[in-house]
Each structure stands twice: as structure tokens, then as C-alpha cells.
$ cat input.txt   # compact mmCIF, N, CA and C atoms
# COMPACT_ATOMS: atom_id res chain seq x y z
N MET Y 1 61.32 107.92 -87.80
CA MET Y 1 60.79 106.58 -87.62
C MET Y 1 60.22 106.06 -88.94
N ALA Y 2 60.44 104.80 -89.20
CA ALA Y 2 59.89 104.19 -90.42
C ALA Y 2 58.38 104.12 -90.31
N ARG Y 3 57.71 104.55 -91.36
CA ARG Y 3 56.25 104.51 -91.35
C ARG Y 3 55.77 103.06 -91.37
N ASN Y 4 54.64 102.84 -90.74
CA ASN Y 4 54.01 101.52 -90.68
C ASN Y 4 54.92 100.44 -90.14
N LYS Y 5 55.83 100.81 -89.24
CA LYS Y 5 56.73 99.84 -88.63
C LYS Y 5 55.90 98.81 -87.85
N ILE Y 6 56.15 97.56 -88.13
CA ILE Y 6 55.46 96.49 -87.41
C ILE Y 6 56.26 96.19 -86.13
N ILE Y 7 55.60 96.34 -85.01
CA ILE Y 7 56.24 96.04 -83.73
C ILE Y 7 55.64 94.74 -83.22
N PRO Y 8 56.48 93.76 -82.92
CA PRO Y 8 55.95 92.47 -82.47
C PRO Y 8 55.21 92.59 -81.13
N TYR Y 9 54.34 91.62 -80.89
CA TYR Y 9 53.62 91.59 -79.62
C TYR Y 9 53.46 90.15 -79.16
N HIS Y 10 53.20 90.00 -77.88
CA HIS Y 10 53.00 88.67 -77.31
C HIS Y 10 51.66 88.13 -77.80
N PRO Y 11 51.65 86.97 -78.46
CA PRO Y 11 50.41 86.43 -79.06
C PRO Y 11 49.24 86.26 -78.08
N ALA Y 12 49.54 86.02 -76.82
CA ALA Y 12 48.47 85.83 -75.83
C ALA Y 12 47.64 87.10 -75.64
N LEU Y 13 48.19 88.25 -76.03
CA LEU Y 13 47.48 89.51 -75.85
C LEU Y 13 46.36 89.72 -76.86
N LYS Y 14 46.39 88.99 -77.96
CA LYS Y 14 45.41 89.20 -79.02
C LYS Y 14 43.98 89.00 -78.52
N GLN Y 15 43.76 87.93 -77.79
CA GLN Y 15 42.42 87.64 -77.28
C GLN Y 15 42.00 88.68 -76.23
N TYR Y 16 42.94 89.08 -75.36
CA TYR Y 16 42.62 90.08 -74.34
C TYR Y 16 42.30 91.43 -74.98
N ALA Y 17 43.02 91.79 -76.05
CA ALA Y 17 42.75 93.04 -76.77
C ALA Y 17 41.34 93.00 -77.35
N ARG Y 18 40.94 91.87 -77.89
CA ARG Y 18 39.58 91.71 -78.42
C ARG Y 18 38.55 91.92 -77.32
N TYR Y 19 38.82 91.33 -76.16
CA TYR Y 19 37.94 91.51 -75.00
C TYR Y 19 37.82 93.00 -74.63
N LEU Y 20 38.95 93.70 -74.58
CA LEU Y 20 38.94 95.12 -74.23
C LEU Y 20 38.16 95.95 -75.25
N ARG Y 21 38.27 95.59 -76.52
CA ARG Y 21 37.52 96.32 -77.56
C ARG Y 21 36.01 96.15 -77.35
N LYS Y 22 35.60 94.96 -76.93
CA LYS Y 22 34.17 94.70 -76.72
C LYS Y 22 33.67 95.29 -75.41
N ASN Y 23 34.57 95.68 -74.52
CA ASN Y 23 34.21 96.20 -73.20
C ASN Y 23 34.87 97.55 -72.96
N SER Y 24 34.77 98.43 -73.93
CA SER Y 24 35.40 99.75 -73.84
C SER Y 24 34.78 100.60 -72.73
N THR Y 25 35.59 101.50 -72.20
CA THR Y 25 35.08 102.45 -71.21
C THR Y 25 34.30 103.55 -71.94
N LYS Y 26 33.53 104.31 -71.19
CA LYS Y 26 32.75 105.41 -71.76
C LYS Y 26 33.68 106.40 -72.48
N THR Y 27 34.79 106.74 -71.85
CA THR Y 27 35.68 107.74 -72.46
C THR Y 27 36.37 107.19 -73.71
N GLU Y 28 36.68 105.90 -73.73
CA GLU Y 28 37.25 105.30 -74.94
C GLU Y 28 36.24 105.38 -76.09
N VAL Y 29 34.98 105.08 -75.80
CA VAL Y 29 33.93 105.14 -76.84
C VAL Y 29 33.79 106.57 -77.36
N LEU Y 30 33.78 107.55 -76.45
CA LEU Y 30 33.62 108.95 -76.86
C LEU Y 30 34.77 109.40 -77.77
N LEU Y 31 36.00 109.07 -77.40
CA LEU Y 31 37.14 109.47 -78.23
C LEU Y 31 37.14 108.70 -79.55
N TRP Y 32 36.82 107.41 -79.50
CA TRP Y 32 36.80 106.58 -80.70
C TRP Y 32 35.85 107.17 -81.75
N LYS Y 33 34.69 107.65 -81.31
CA LYS Y 33 33.72 108.24 -82.25
C LYS Y 33 34.32 109.42 -83.00
N LYS Y 34 35.29 110.09 -82.39
CA LYS Y 34 35.89 111.28 -82.99
C LYS Y 34 37.09 110.97 -83.89
N ILE Y 35 37.76 109.82 -83.67
CA ILE Y 35 39.01 109.56 -84.41
C ILE Y 35 38.94 108.37 -85.37
N LYS Y 36 37.83 107.62 -85.35
CA LYS Y 36 37.76 106.43 -86.20
C LYS Y 36 37.60 106.79 -87.67
N GLY Y 37 37.91 105.84 -88.53
CA GLY Y 37 37.67 106.00 -89.96
C GLY Y 37 38.44 107.14 -90.61
N ARG Y 38 39.66 107.35 -90.22
CA ARG Y 38 40.50 108.41 -90.79
C ARG Y 38 39.91 109.81 -90.60
N ALA Y 39 39.12 109.98 -89.55
CA ALA Y 39 38.50 111.28 -89.27
C ALA Y 39 39.53 112.39 -89.15
N LEU Y 40 40.73 112.05 -88.71
CA LEU Y 40 41.79 113.05 -88.55
C LEU Y 40 42.89 112.89 -89.60
N GLY Y 41 42.61 112.14 -90.65
CA GLY Y 41 43.57 111.99 -91.75
C GLY Y 41 44.46 110.76 -91.66
N VAL Y 42 44.48 110.11 -90.52
CA VAL Y 42 45.23 108.87 -90.36
C VAL Y 42 44.31 107.85 -89.70
N GLN Y 43 44.67 106.58 -89.80
CA GLN Y 43 43.81 105.52 -89.25
C GLN Y 43 44.31 105.04 -87.90
N PHE Y 44 43.44 105.13 -86.91
CA PHE Y 44 43.72 104.60 -85.59
C PHE Y 44 43.04 103.25 -85.43
N HIS Y 45 43.62 102.42 -84.58
CA HIS Y 45 43.02 101.14 -84.20
C HIS Y 45 42.86 101.16 -82.68
N ARG Y 46 41.89 100.38 -82.20
CA ARG Y 46 41.61 100.33 -80.76
C ARG Y 46 42.27 99.13 -80.12
N GLN Y 47 42.72 99.31 -78.88
CA GLN Y 47 43.27 98.22 -78.06
C GLN Y 47 44.27 97.38 -78.86
N VAL Y 48 45.41 97.97 -79.12
CA VAL Y 48 46.42 97.36 -79.99
C VAL Y 48 47.55 96.75 -79.15
N PRO Y 49 47.81 95.44 -79.34
CA PRO Y 49 48.94 94.82 -78.64
C PRO Y 49 50.27 95.26 -79.27
N ILE Y 50 51.19 95.69 -78.41
CA ILE Y 50 52.55 96.04 -78.82
C ILE Y 50 53.48 95.51 -77.73
N LEU Y 51 54.49 94.72 -78.12
CA LEU Y 51 55.38 94.06 -77.15
C LEU Y 51 54.53 93.26 -76.17
N SER Y 52 54.64 93.56 -74.88
CA SER Y 52 53.85 92.85 -73.85
C SER Y 52 52.73 93.73 -73.30
N TYR Y 53 52.34 94.73 -74.07
CA TYR Y 53 51.37 95.72 -73.60
C TYR Y 53 50.23 95.87 -74.60
N ILE Y 54 49.18 96.56 -74.14
CA ILE Y 54 48.08 96.94 -75.03
C ILE Y 54 47.87 98.44 -74.86
N VAL Y 55 47.88 99.17 -75.98
CA VAL Y 55 47.61 100.61 -75.92
C VAL Y 55 46.17 100.86 -76.35
N ASP Y 56 45.57 101.92 -75.81
CA ASP Y 56 44.16 102.20 -76.07
C ASP Y 56 43.89 102.44 -77.56
N PHE Y 57 44.68 103.33 -78.17
CA PHE Y 57 44.53 103.64 -79.59
C PHE Y 57 45.92 103.72 -80.20
N TYR Y 58 46.06 103.25 -81.43
CA TYR Y 58 47.38 103.29 -82.07
C TYR Y 58 47.23 103.52 -83.57
N CYS Y 59 48.09 104.41 -84.09
CA CYS Y 59 48.16 104.66 -85.52
C CYS Y 59 49.51 104.14 -86.02
N HIS Y 60 49.47 103.06 -86.79
CA HIS Y 60 50.69 102.46 -87.33
C HIS Y 60 51.41 103.40 -88.30
N GLU Y 61 50.63 104.17 -89.04
CA GLU Y 61 51.20 105.04 -90.08
C GLU Y 61 52.24 105.99 -89.53
N ILE Y 62 51.98 106.54 -88.34
CA ILE Y 62 52.88 107.54 -87.78
C ILE Y 62 53.44 107.15 -86.42
N GLY Y 63 53.11 105.95 -85.94
CA GLY Y 63 53.64 105.47 -84.67
C GLY Y 63 53.14 106.25 -83.47
N LEU Y 64 51.85 106.58 -83.45
CA LEU Y 64 51.28 107.36 -82.36
C LEU Y 64 50.31 106.54 -81.54
N ALA Y 65 50.57 106.48 -80.24
CA ALA Y 65 49.67 105.82 -79.29
C ALA Y 65 48.95 106.89 -78.49
N ILE Y 66 47.67 106.68 -78.25
CA ILE Y 66 46.88 107.56 -77.41
C ILE Y 66 46.36 106.72 -76.24
N GLU Y 67 46.63 107.21 -75.05
CA GLU Y 67 46.19 106.52 -73.84
C GLU Y 67 45.21 107.40 -73.08
N ILE Y 68 44.17 106.78 -72.57
CA ILE Y 68 43.23 107.47 -71.70
C ILE Y 68 43.42 106.91 -70.30
N ASP Y 69 43.80 107.79 -69.40
CA ASP Y 69 44.09 107.36 -68.03
C ASP Y 69 42.90 107.60 -67.12
N GLY Y 70 42.36 106.50 -66.62
CA GLY Y 70 41.27 106.57 -65.66
C GLY Y 70 41.82 106.50 -64.25
N LYS Y 71 40.95 106.31 -63.31
CA LYS Y 71 41.35 106.27 -61.89
C LYS Y 71 42.39 105.19 -61.60
N ILE Y 72 42.33 104.07 -62.30
CA ILE Y 72 43.28 102.98 -62.04
C ILE Y 72 44.72 103.44 -62.24
N HIS Y 73 44.93 104.41 -63.13
CA HIS Y 73 46.29 104.88 -63.42
C HIS Y 73 46.85 105.75 -62.30
N ASP Y 74 46.00 106.21 -61.37
CA ASP Y 74 46.48 106.99 -60.23
C ASP Y 74 47.46 106.17 -59.39
N HIS Y 75 47.28 104.86 -59.41
CA HIS Y 75 48.09 103.98 -58.57
C HIS Y 75 49.13 103.19 -59.36
N SER Y 76 49.25 103.45 -60.65
CA SER Y 76 50.18 102.67 -61.47
C SER Y 76 51.15 103.56 -62.23
N PHE Y 77 51.52 104.69 -61.63
CA PHE Y 77 52.38 105.65 -62.32
C PHE Y 77 53.71 105.03 -62.74
N LEU Y 78 54.36 104.30 -61.84
CA LEU Y 78 55.67 103.71 -62.17
C LEU Y 78 55.55 102.67 -63.28
N TYR Y 79 54.52 101.84 -63.20
CA TYR Y 79 54.30 100.84 -64.25
C TYR Y 79 54.06 101.53 -65.59
N ASP Y 80 53.21 102.55 -65.59
CA ASP Y 80 52.90 103.28 -66.83
C ASP Y 80 54.15 103.92 -67.42
N ALA Y 81 55.00 104.49 -66.55
CA ALA Y 81 56.23 105.14 -67.02
C ALA Y 81 57.18 104.12 -67.64
N LYS Y 82 57.32 102.96 -67.01
CA LYS Y 82 58.19 101.90 -67.54
C LYS Y 82 57.63 101.40 -68.87
N ARG Y 83 56.35 101.15 -68.90
CA ARG Y 83 55.67 100.67 -70.09
C ARG Y 83 55.86 101.66 -71.24
N GLN Y 84 55.61 102.93 -70.97
CA GLN Y 84 55.75 103.94 -72.00
C GLN Y 84 57.21 104.03 -72.47
N GLY Y 85 58.15 103.96 -71.56
CA GLY Y 85 59.57 103.98 -71.92
C GLY Y 85 59.94 102.83 -72.84
N ASN Y 86 59.46 101.63 -72.53
CA ASN Y 86 59.75 100.47 -73.37
C ASN Y 86 59.16 100.63 -74.77
N LEU Y 87 57.97 101.18 -74.85
CA LEU Y 87 57.34 101.38 -76.15
C LEU Y 87 58.01 102.51 -76.93
N GLU Y 88 58.44 103.56 -76.23
CA GLU Y 88 59.15 104.65 -76.90
C GLU Y 88 60.45 104.18 -77.52
N LYS Y 89 61.10 103.19 -76.89
CA LYS Y 89 62.33 102.61 -77.46
C LYS Y 89 62.05 101.95 -78.81
N GLN Y 90 60.79 101.58 -79.05
CA GLN Y 90 60.38 100.97 -80.32
C GLN Y 90 59.92 102.03 -81.32
N GLY Y 91 60.02 103.30 -80.93
CA GLY Y 91 59.64 104.39 -81.82
C GLY Y 91 58.21 104.85 -81.67
N VAL Y 92 57.52 104.39 -80.63
CA VAL Y 92 56.14 104.80 -80.40
C VAL Y 92 56.11 106.16 -79.70
N ASN Y 93 55.31 107.07 -80.21
CA ASN Y 93 55.08 108.37 -79.60
C ASN Y 93 53.79 108.31 -78.81
N PHE Y 94 53.72 109.04 -77.71
CA PHE Y 94 52.56 108.96 -76.83
C PHE Y 94 51.86 110.28 -76.63
N LEU Y 95 50.55 110.21 -76.55
CA LEU Y 95 49.71 111.28 -76.02
C LEU Y 95 48.88 110.65 -74.92
N ARG Y 96 48.79 111.32 -73.78
CA ARG Y 96 47.99 110.83 -72.65
C ARG Y 96 46.94 111.86 -72.29
N PHE Y 97 45.75 111.36 -72.05
CA PHE Y 97 44.65 112.21 -71.61
C PHE Y 97 43.96 111.53 -70.44
N SER Y 98 43.40 112.33 -69.57
CA SER Y 98 42.63 111.78 -68.45
C SER Y 98 41.17 111.60 -68.89
N ASN Y 99 40.45 110.81 -68.14
CA ASN Y 99 39.01 110.69 -68.39
C ASN Y 99 38.37 112.07 -68.37
N GLN Y 100 38.80 112.89 -67.43
CA GLN Y 100 38.28 114.25 -67.27
C GLN Y 100 38.49 115.06 -68.55
N ASN Y 101 39.69 114.96 -69.16
CA ASN Y 101 39.98 115.66 -70.42
C ASN Y 101 38.95 115.27 -71.48
N ILE Y 102 38.71 113.97 -71.60
CA ILE Y 102 37.80 113.47 -72.65
C ILE Y 102 36.38 113.97 -72.39
N LEU Y 103 35.95 113.92 -71.15
CA LEU Y 103 34.57 114.29 -70.81
C LEU Y 103 34.33 115.80 -70.86
N GLN Y 104 35.32 116.59 -70.51
CA GLN Y 104 35.09 118.03 -70.35
C GLN Y 104 35.83 118.91 -71.34
N GLU Y 105 36.86 118.36 -72.02
CA GLU Y 105 37.69 119.19 -72.89
C GLU Y 105 37.98 118.49 -74.22
N MET Y 106 36.97 117.90 -74.82
CA MET Y 106 37.17 117.11 -76.04
C MET Y 106 37.80 117.94 -77.15
N ASN Y 107 37.40 119.19 -77.31
CA ASN Y 107 37.99 120.02 -78.38
C ASN Y 107 39.49 120.19 -78.18
N MET Y 108 39.93 120.41 -76.95
CA MET Y 108 41.36 120.53 -76.65
C MET Y 108 42.08 119.22 -76.96
N VAL Y 109 41.47 118.11 -76.58
CA VAL Y 109 42.05 116.79 -76.85
C VAL Y 109 42.24 116.60 -78.35
N LEU Y 110 41.21 116.89 -79.13
CA LEU Y 110 41.28 116.70 -80.58
C LEU Y 110 42.31 117.63 -81.21
N GLU Y 111 42.41 118.86 -80.73
CA GLU Y 111 43.41 119.79 -81.26
C GLU Y 111 44.82 119.29 -80.97
N GLN Y 112 45.03 118.75 -79.79
CA GLN Y 112 46.35 118.22 -79.43
C GLN Y 112 46.70 117.01 -80.30
N ILE Y 113 45.72 116.14 -80.54
CA ILE Y 113 45.95 114.98 -81.41
C ILE Y 113 46.27 115.45 -82.83
N LYS Y 114 45.52 116.42 -83.34
CA LYS Y 114 45.77 116.94 -84.69
C LYS Y 114 47.17 117.52 -84.82
N ARG Y 115 47.60 118.28 -83.80
CA ARG Y 115 48.96 118.86 -83.82
C ARG Y 115 50.02 117.76 -83.87
N GLN Y 116 49.82 116.70 -83.07
CA GLN Y 116 50.79 115.61 -83.02
C GLN Y 116 50.80 114.86 -84.36
N ILE Y 117 49.65 114.64 -84.95
CA ILE Y 117 49.57 113.98 -86.26
C ILE Y 117 50.34 114.80 -87.29
N LYS Y 118 50.12 116.11 -87.29
CA LYS Y 118 50.79 116.98 -88.25
C LYS Y 118 52.30 116.92 -88.06
N GLU Y 119 52.74 116.97 -86.81
CA GLU Y 119 54.17 116.93 -86.50
C GLU Y 119 54.81 115.61 -86.95
N LEU Y 120 54.12 114.50 -86.66
CA LEU Y 120 54.69 113.19 -86.99
C LEU Y 120 54.56 112.87 -88.49
N SER Y 121 53.67 113.55 -89.18
CA SER Y 121 53.46 113.28 -90.61
C SER Y 121 54.43 114.06 -91.48
N SER Y 122 55.07 115.07 -90.92
CA SER Y 122 55.93 115.91 -91.76
C SER Y 122 57.36 115.42 -91.81
$ encode --input "input.txt" --output "C-alpha cells"
Amino acid sequence: MARNKIIPYHPALKQYARYLRKNSTKTEVLLWKKIKGRALGVQFHRQVPILSYIVDFYCHEIGLAIEIDGKIHDHSFLYDAKRQGNLEKQGVNFLRFSNQNILQEMNMVLEQIKRQIKELSS
């Protein structure tokens, strides 16, 4: 995949993404504290519009999206799968974690993210 590939997004999502950044969930805040500011060697952004979707965290450098799935995702499996498939067609790689993972297994989450960064960076 080309590094720093710009993927277009629907302009109406920009304002909603800003709203989501200002109203982050507890688990988003906890993970953000660990990955912001190139803490893992690459730069992530929060609530990034891509195509007609918004991903929780995205690194343009390596095309990696990180999603945190809360209870709402229990009922939206098909939508999430379609959404992820459409984004993967654009070269986006995904890591998904549950709220539970973030709250109880942060070290495992960070190790998995580091492994994926290393793989996509080589």
C-alpha cells in the first residue's frame, strides 16, 4: 500500500467527526492516552472520516485503523463487516478491540498494535 494514501471522505462527516472527538467514550480516551503523539512510532488521529464512515483511530502513514467496539456493535455486526470490507478495498488495515479489552487487557492491546505497526512498516 502507498504510504500516506489520501482516501476521500464525505464532507458532511467532518463536523460529526469533530463532535465525536469532543464526546469520546471512556475507552477511547484511555487508548488515546497510550497512542497519541507518536507514542508507538507512528501518528494516529482520532475519529477520522474515510469514504462514508468514521473510524475511531487512524494512522495515515501505514493505513491502520483501530476500532473499539462497545455494546452498540453487538447489534451491528453485518454493518460493521460491510463497512470494514469497503475500507479494506481502499487499503485500510483493521484492528478491533472490545471495551473489555481496553479496560482489562491494555498491555495486550498495545502489544497487538505494536506488532501490526511493525508488520505494516516493513
$ select_by_dssp --input "input.txt" --residues "chain Y" --states "alpha helix (DSSP H)" --output "mmCIF file with N, CA and C atoms, in the coordinates of the input"
data_model
loop_
_atom_site.group_PDB
_atom_site.id
_atom_site.type_symbol
_atom_site.label_atom_id
_atom_site.label_comp_id
_atom_site.auth_asym_id
_atom_site.auth_seq_id
_atom_site.Cartn_x
_atom_site.Cartn_y
_atom_site.Cartn_z
ATOM 1 N N LEU Y 13 48.190 88.250 -76.030
ATOM 2 C CA LEU Y 13 47.480 89.510 -75.850
ATOM 3 C C LEU Y 13 46.360 89.720 -76.860
ATOM 4 N N LYS Y 14 46.390 88.990 -77.960
ATOM 5 C CA LYS Y 14 45.410 89.200 -79.020
ATOM 6 C C LYS Y 14 43.980 89.000 -78.520
ATOM 7 N N GLN Y 15 43.760 87.930 -77.790
ATOM 8 C CA GLN Y 15 42.420 87.640 -77.280
ATOM 9 C C GLN Y 15 42.000 88.680 -76.230
ATOM 10 N N TYR Y 16 42.940 89.080 -75.360
ATOM 11 C CA TYR Y 16 42.620 90.080 -74.340
ATOM 12 C C TYR Y 16 42.300 91.430 -74.980
ATOM 13 N N ALA Y 17 43.020 91.790 -76.050
ATOM 14 C CA ALA Y 17 42.750 93.040 -76.770
ATOM 15 C C ALA Y 17 41.340 93.000 -77.350
ATOM 16 N N ARG Y 18 40.940 91.870 -77.890
ATOM 17 C CA ARG Y 18 39.580 91.710 -78.420
ATOM 18 C C ARG Y 18 38.550 91.920 -77.320
ATOM 19 N N TYR Y 19 38.820 91.330 -76.160
ATOM 20 C CA TYR Y 19 37.940 91.510 -75.000
ATOM 21 C C TYR Y 19 37.820 93.000 -74.630
ATOM 22 N N LEU Y 20 38.950 93.700 -74.580
ATOM 23 C CA LEU Y 20 38.940 95.120 -74.230
ATOM 24 C C LEU Y 20 38.160 95.950 -75.250
ATOM 25 N N ARG Y 21 38.270 95.590 -76.520
ATOM 26 C CA ARG Y 21 37.520 96.320 -77.560
ATOM 27 C C ARG Y 21 36.010 96.150 -77.350
ATOM 28 N N LYS Y 22 35.600 94.960 -76.930
ATOM 29 C CA LYS Y 22 34.170 94.700 -76.720
ATOM 30 C C LYS Y 22 33.670 95.290 -75.410
ATOM 31 N N LYS Y 26 33.530 104.310 -71.190
ATOM 32 C CA LYS Y 26 32.750 105.410 -71.760
ATOM 33 C C LYS Y 26 33.680 106.400 -72.480
ATOM 34 N N THR Y 27 34.790 106.740 -71.850
ATOM 35 C CA THR Y 27 35.680 107.740 -72.460
ATOM 36 C C THR Y 27 36.370 107.190 -73.710
ATOM 37 N N GLU Y 28 36.680 105.900 -73.730
ATOM 38 C CA GLU Y 28 37.250 105.300 -74.940
ATOM 39 C C GLU Y 28 36.240 105.380 -76.090
ATOM 40 N N VAL Y 29 34.980 105.080 -75.800
ATOM 41 C CA VAL Y 29 33.930 105.140 -76.840
ATOM 42 C C VAL Y 29 33.790 106.570 -77.360
ATOM 43 N N LEU Y 30 33.780 107.550 -76.450
ATOM 44 C CA LEU Y 30 33.620 108.950 -76.860
ATOM 45 C C LEU Y 30 34.770 109.400 -77.770
ATOM 46 N N LEU Y 31 36.000 109.070 -77.400
ATOM 47 C CA LEU Y 31 37.140 109.470 -78.230
ATOM 48 C C LEU Y 31 37.140 108.700 -79.550
ATOM 49 N N TRP Y 32 36.820 107.410 -79.500
ATOM 50 C CA TRP Y 32 36.800 106.580 -80.700
ATOM 51 C C TRP Y 32 35.850 107.170 -81.750
ATOM 52 N N LYS Y 33 34.690 107.650 -81.310
ATOM 53 C CA LYS Y 33 33.720 108.240 -82.250
ATOM 54 C C LYS Y 33 34.320 109.420 -83.000
ATOM 55 N N LYS Y 34 35.290 110.090 -82.390
ATOM 56 C CA LYS Y 34 35.890 111.280 -82.990
ATOM 57 C C LYS Y 34 37.090 110.970 -83.890
ATOM 58 N N ILE Y 35 37.760 109.820 -83.670
ATOM 59 C CA ILE Y 35 39.010 109.560 -84.410
ATOM 60 C C ILE Y 35 38.940 108.370 -85.370
ATOM 61 N N PHE Y 77 51.520 104.690 -61.630
ATOM 62 C CA PHE Y 77 52.380 105.650 -62.320
ATOM 63 C C PHE Y 77 53.710 105.030 -62.740
ATOM 64 N N LEU Y 78 54.360 104.300 -61.840
ATOM 65 C CA LEU Y 78 55.670 103.710 -62.170
ATOM 66 C C LEU Y 78 55.550 102.670 -63.280
ATOM 67 N N TYR Y 79 54.520 101.840 -63.200
ATOM 68 C CA TYR Y 79 54.300 100.840 -64.250
ATOM 69 C C TYR Y 79 54.060 101.530 -65.590
ATOM 70 N N ASP Y 80 53.210 102.550 -65.590
ATOM 71 C CA ASP Y 80 52.900 103.280 -66.830
ATOM 72 C C ASP Y 80 54.150 103.920 -67.420
ATOM 73 N N ALA Y 81 55.000 104.490 -66.550
ATOM 74 C CA ALA Y 81 56.230 105.140 -67.020
ATOM 75 C C ALA Y 81 57.180 104.120 -67.640
ATOM 76 N N LYS Y 82 57.320 102.960 -67.010
ATOM 77 C CA LYS Y 82 58.190 101.900 -67.540
ATOM 78 C C LYS Y 82 57.630 101.400 -68.870
ATOM 79 N N ARG Y 83 56.350 101.150 -68.900
ATOM 80 C CA ARG Y 83 55.670 100.670 -70.090
ATOM 81 C C ARG Y 83 55.860 101.660 -71.240
ATOM 82 N N GLN Y 84 55.610 102.930 -70.970
ATOM 83 C CA GLN Y 84 55.750 103.940 -72.000
ATOM 84 C C GLN Y 84 57.210 104.030 -72.470
ATOM 85 N N GLY Y 85 58.150 103.960 -71.560
ATOM 86 C CA GLY Y 85 59.570 103.980 -71.920
ATOM 87 C C GLY Y 85 59.940 102.830 -72.840
ATOM 88 N N ASN Y 86 59.460 101.630 -72.530
ATOM 89 C CA ASN Y 86 59.750 100.470 -73.370
ATOM 90 C C ASN Y 86 59.160 100.630 -74.770
ATOM 91 N N LEU Y 87 57.970 101.180 -74.850
ATOM 92 C CA LEU Y 87 57.340 101.380 -76.150
ATOM 93 C C LEU Y 87 58.010 102.510 -76.930
ATOM 94 N N GLU Y 88 58.440 103.560 -76.230
ATOM 95 C CA GLU Y 88 59.150 104.650 -76.900
ATOM 96 C C GLU Y 88 60.450 104.180 -77.520
ATOM 97 N N ASN Y 99 40.450 110.810 -68.140
ATOM 98 C CA ASN Y 99 39.010 110.690 -68.390
ATOM 99 C C ASN Y 99 38.370 112.070 -68.370
ATOM 100 N N GLN Y 100 38.800 112.890 -67.430
ATOM 101 C CA GLN Y 100 38.280 114.250 -67.270
ATOM 102 C C GLN Y 100 38.490 115.060 -68.550
ATOM 103 N N ASN Y 101 39.690 114.960 -69.160
ATOM 104 C CA ASN Y 101 39.980 115.660 -70.420
ATOM 105 C C ASN Y 101 38.950 115.270 -71.480
ATOM 106 N N ILE Y 102 38.710 113.970 -71.600
ATOM 107 C CA ILE Y 102 37.800 113.470 -72.650
ATOM 108 C C ILE Y 102 36.380 113.970 -72.390
ATOM 109 N N LEU Y 103 35.950 113.920 -71.150
ATOM 110 C CA LEU Y 103 34.570 114.290 -70.810
ATOM 111 C C LEU Y 103 34.330 115.800 -70.860
ATOM 112 N N GLN Y 104 35.320 116.590 -70.510
ATOM 113 C CA GLN Y 104 35.090 118.030 -70.350
ATOM 114 C C GLN Y 104 35.830 118.910 -71.340
ATOM 115 N N MET Y 106 36.970 117.900 -74.820
ATOM 116 C CA MET Y 106 37.170 117.110 -76.040
ATOM 117 C C MET Y 106 37.800 117.940 -77.150
ATOM 118 N N ASN Y 107 37.400 119.190 -77.310
ATOM 119 C CA ASN Y 107 37.990 120.020 -78.380
ATOM 120 C C ASN Y 107 39.490 120.190 -78.180
ATOM 121 N N MET Y 108 39.930 120.410 -76.950
ATOM 122 C CA MET Y 108 41.360 120.530 -76.650
ATOM 123 C C MET Y 108 42.080 119.220 -76.960
ATOM 124 N N VAL Y 109 41.470 118.110 -76.580
ATOM 125 C CA VAL Y 109 42.050 116.790 -76.850
ATOM 126 C C VAL Y 109 42.240 116.600 -78.350
ATOM 127 N N LEU Y 110 41.210 116.890 -79.130
ATOM 128 C CA LEU Y 110 41.280 116.700 -80.580
ATOM 129 C C LEU Y 110 42.310 117.630 -81.210
ATOM 130 N N GLU Y 111 42.410 118.860 -80.730
ATOM 131 C CA GLU Y 111 43.410 119.790 -81.260
ATOM 132 C C GLU Y 111 44.820 119.290 -80.970
ATOM 133 N N GLN Y 112 45.030 118.750 -79.790
ATOM 134 C CA GLN Y 112 46.350 118.220 -79.430
ATOM 135 C C GLN Y 112 46.700 117.010 -80.300
ATOM 136 N N ILE Y 113 45.720 116.140 -80.540
ATOM 137 C CA ILE Y 113 45.950 114.980 -81.410
ATOM 138 C C ILE Y 113 46.270 115.450 -82.830
ATOM 139 N N LYS Y 114 45.520 116.420 -83.340
ATOM 140 C CA LYS Y 114 45.770 116.940 -84.690
ATOM 141 C C LYS Y 114 47.170 117.520 -84.820
ATOM 142 N N ARG Y 115 47.600 118.280 -83.800
ATOM 143 C CA ARG Y 115 48.960 118.860 -83.820
ATOM 144 C C ARG Y 115 50.020 117.760 -83.870
ATOM 145 N N GLN Y 116 49.820 116.700 -83.070
ATOM 146 C CA GLN Y 116 50.790 115.610 -83.020
ATOM 147 C C GLN Y 116 50.800 114.860 -84.360
ATOM 148 N N ILE Y 117 49.650 114.640 -84.950
ATOM 149 C CA ILE Y 117 49.570 113.980 -86.260
ATOM 150 C C ILE Y 117 50.340 114.800 -87.290
ATOM 151 N N LYS Y 118 50.120 116.110 -87.290
ATOM 152 C CA LYS Y 118 50.790 116.980 -88.250
ATOM 153 C C LYS Y 118 52.300 116.920 -88.060
ATOM 154 N N GLU Y 119 52.740 116.970 -86.810
ATOM 155 C CA GLU Y 119 54.170 116.930 -86.500
ATOM 156 C C GLU Y 119 54.810 115.610 -86.950
ATOM 157 N N LEU Y 120 54.120 114.500 -86.660
ATOM 158 C CA LEU Y 120 54.690 113.190 -86.990
ATOM 159 C C LEU Y 120 54.560 112.870 -88.490
ATOM 160 N N SER Y 121 53.670 113.550 -89.180
ATOM 161 C CA SER Y 121 53.460 113.280 -90.610
ATOM 162 C C SER Y 121 54.430 114.060 -91.480
#
$ closest_residue --input "input.txt" --among "Y:Ile62, Y:Leu30, Y:Leu13, Y:Ile68" --to "Y:Phe44" --atoms "only C-alpha atoms"
Y:Ile62
$ residues_around --input "input.txt" --residues "stretch 93-103 of chain Y" --least-positions-apart "3" --cutoff "5 Å" --atoms "only N, CA and C atoms" --output "PyMOL selection string"
chain Y and resi 63-70+106
$ atom_distance --input "input.txt" --atom1 "atom CA of Y:Arg46" --atom2 "atom CA of Y:Arg21"
6.6 Å
$ residues_around --input "input.txt" --residues "Y:Pro49" --least-positions-apart "5" --cutoff "7 Å" --atoms "all atoms listed in the file" --output "MDAnalysis selection string"
chainID Y and resid 7:10 13:14 17 54:55
$ closest_residue --input "input.txt" --among "Y:Leu110, Y:Lys89, Y:Asp80, Y:His60" --to "Y:Lys33" --atoms "only C-alpha atoms"
Y:Leu110
$ atom_distance --input "input.txt" --atom1 "atom CA of Y:Pro11" --atom2 "atom CA of Y:Leu120"
28.2 Å
$ closest_residue --input "input.txt" --among "Y:Gly41, Y:Gln47, Y:Gln90, Y:Phe57" --to "Y:Leu20" --atoms "all atoms listed in the file"
Y:Gln47
